[in-house]
Amino acid sequence: MLPWKRVARPLAALLLAAAVATVPAATAHASTAPSSGWNDYSCKPSASHPRPVVLVHGTLGNSIDNWLSLAPYLKDRGYCVFSLDYGQLSGVPLFYGLGPIDKSAQQLSDFVDKVLSATGAAKADLVGHSQGGMMPRYYLKFLGGAAKVNALVGLAPDNHGTDLDGLTNLLPYFPGAEDLLKATTPGLADQIAGSAFLTKLNAGGDTVPGVHYTVIATKYDEVATPWRNQYLSGSDVHNVLLQDLCPLDLSEHVAIGIFDRIAFHEVANALDPAHASATTCASAFS
């Protein structure tokens with residue numbers, strides 16, 4: 001039998017590779033692209049859109065790559081749009097969201113304060129993809145964010161953890177593998193269903209009063225699995241399955257956050273429910 005370290009390291013690498021495989025190949029180079037007008041700290045929210053929107057990238061994403069489509073989509077609709085980098089590991093450029101999630105939530109808290117100070121708004125709205133839709137809940141619940149946030153919209157958020165299509169179920173068979181994962185990429189370890197982080201996050205209920213929650217999931221998700229783990233429970237929660245809006249939509253975990261305009265239309269509805277319109281397959285052209 002192989003020594004456990006020789007087995008654990010490839011398994012940890014496999015977990016990371018499974019996540020890396022979901023990032024478009026162009027990601028490593030796209031971070032040098034201009035942000036097309038978002039992160040403009042001179043932007044002042046309008047009467048029709050009085051809250052700035054803060055975009056929170058997913059694991060292995062960053063503040064530009066994850067939002068090359070959604071940020072301009074919202075900016076063109078009159079929103080002040082901002083995005084941040086969080087969860088950086090020393091020596092790992094471009095691919096973020098790998099650090100301890102509680103520390104990432106503090107980075108989000110600091111960023112929201114910066115945005116509110118610049119815009120003069122009393123509250124912000126948050127839109128996050130994958131980890132970026134789940135991590136803000138720690139900010140809302142434990143770091144005072146509920147007083148500064150009106151709505152949290154999650155695109156394929158792993159709110160109750162992931163089993164990576166069953167891959168994480170192999171960890172107990174390789175002694176030390178989970179410890180290695182925690183030591184090298186704690187942001188990944190925190191997202192495994194049943195982790196100490198998620199147990200703390202979800203204890204006592206999924207939501208906090210005063211915040212409007214929307215979860216947009218896809219049944220073709222191959223990363224935040226099973227996809228029903230994404231849903232939240234609470235009195236001010238709207239859970240929606242993308243395929244209930246458009247049965248023809250085949251978006252999986254990455255596509256729902258990167259370029260799916262049907263999902264984007266539902267995001268816009270969540271940000272401005274007073275002027276919401278039905279999300280259908282035709283929303284892809286809106």
# chains A, B, ... in the order shown; residues from 1 in each chain; ligands from 1
call {"tool": "select_by_dssp", "arguments": {"residues": "range 115-247 of chain A", "states": "alpha helix (DSSP H)", "output": "MDAnalysis selection string"}}
result
chainID A and resid 115:119 131:134 136:142 177:184 186:189 196:202 242:245
call {"tool": "select_by_dssp", "arguments": {"residues": "range 101-220 of chain A", "states": "strand (DSSP E or B)", "output": "count of residues only"}}
result
21
call {"tool": "closest_residue", "arguments": {"among": "A:Asn66, A:Asn150, A:Asn39, A:Ser109", "to": "Arg51 in chain A", "atoms": "only C-alpha atoms"}}
result
A:Asn150
call {"tool": "closest_residue", "arguments": {"among": "A:Val267, A:Leu89, A:Ala147, A:Val254", "to": "Gly58 in chain A", "atoms": "only C-alpha atoms"}}
result
A:Val254
call {"tool": "residues_around", "arguments": {"residues": "Pro157 in chain A", "least_positions_apart": "2", "cutoff": "9 Å", "atoms": "only C-alpha atoms", "output": "PyMOL selection string"}}
result
chain A and resi 58+128-135+154-155+159-161+215-217+224+229-231
call {"tool": "atom_distance", "arguments": {"atom1": "CA of Ala105 in chain A", "atom2": "CA of Glu252 in chain A"}}
result
25.5 Å
call {"tool": "closest_residue", "arguments": {"among": "A:Leu271, A:Gly205, A:Leu140, A:Ala146", "to": "Pro52 in chain A", "atoms": "only C-alpha atoms"}}
result
A:Leu271
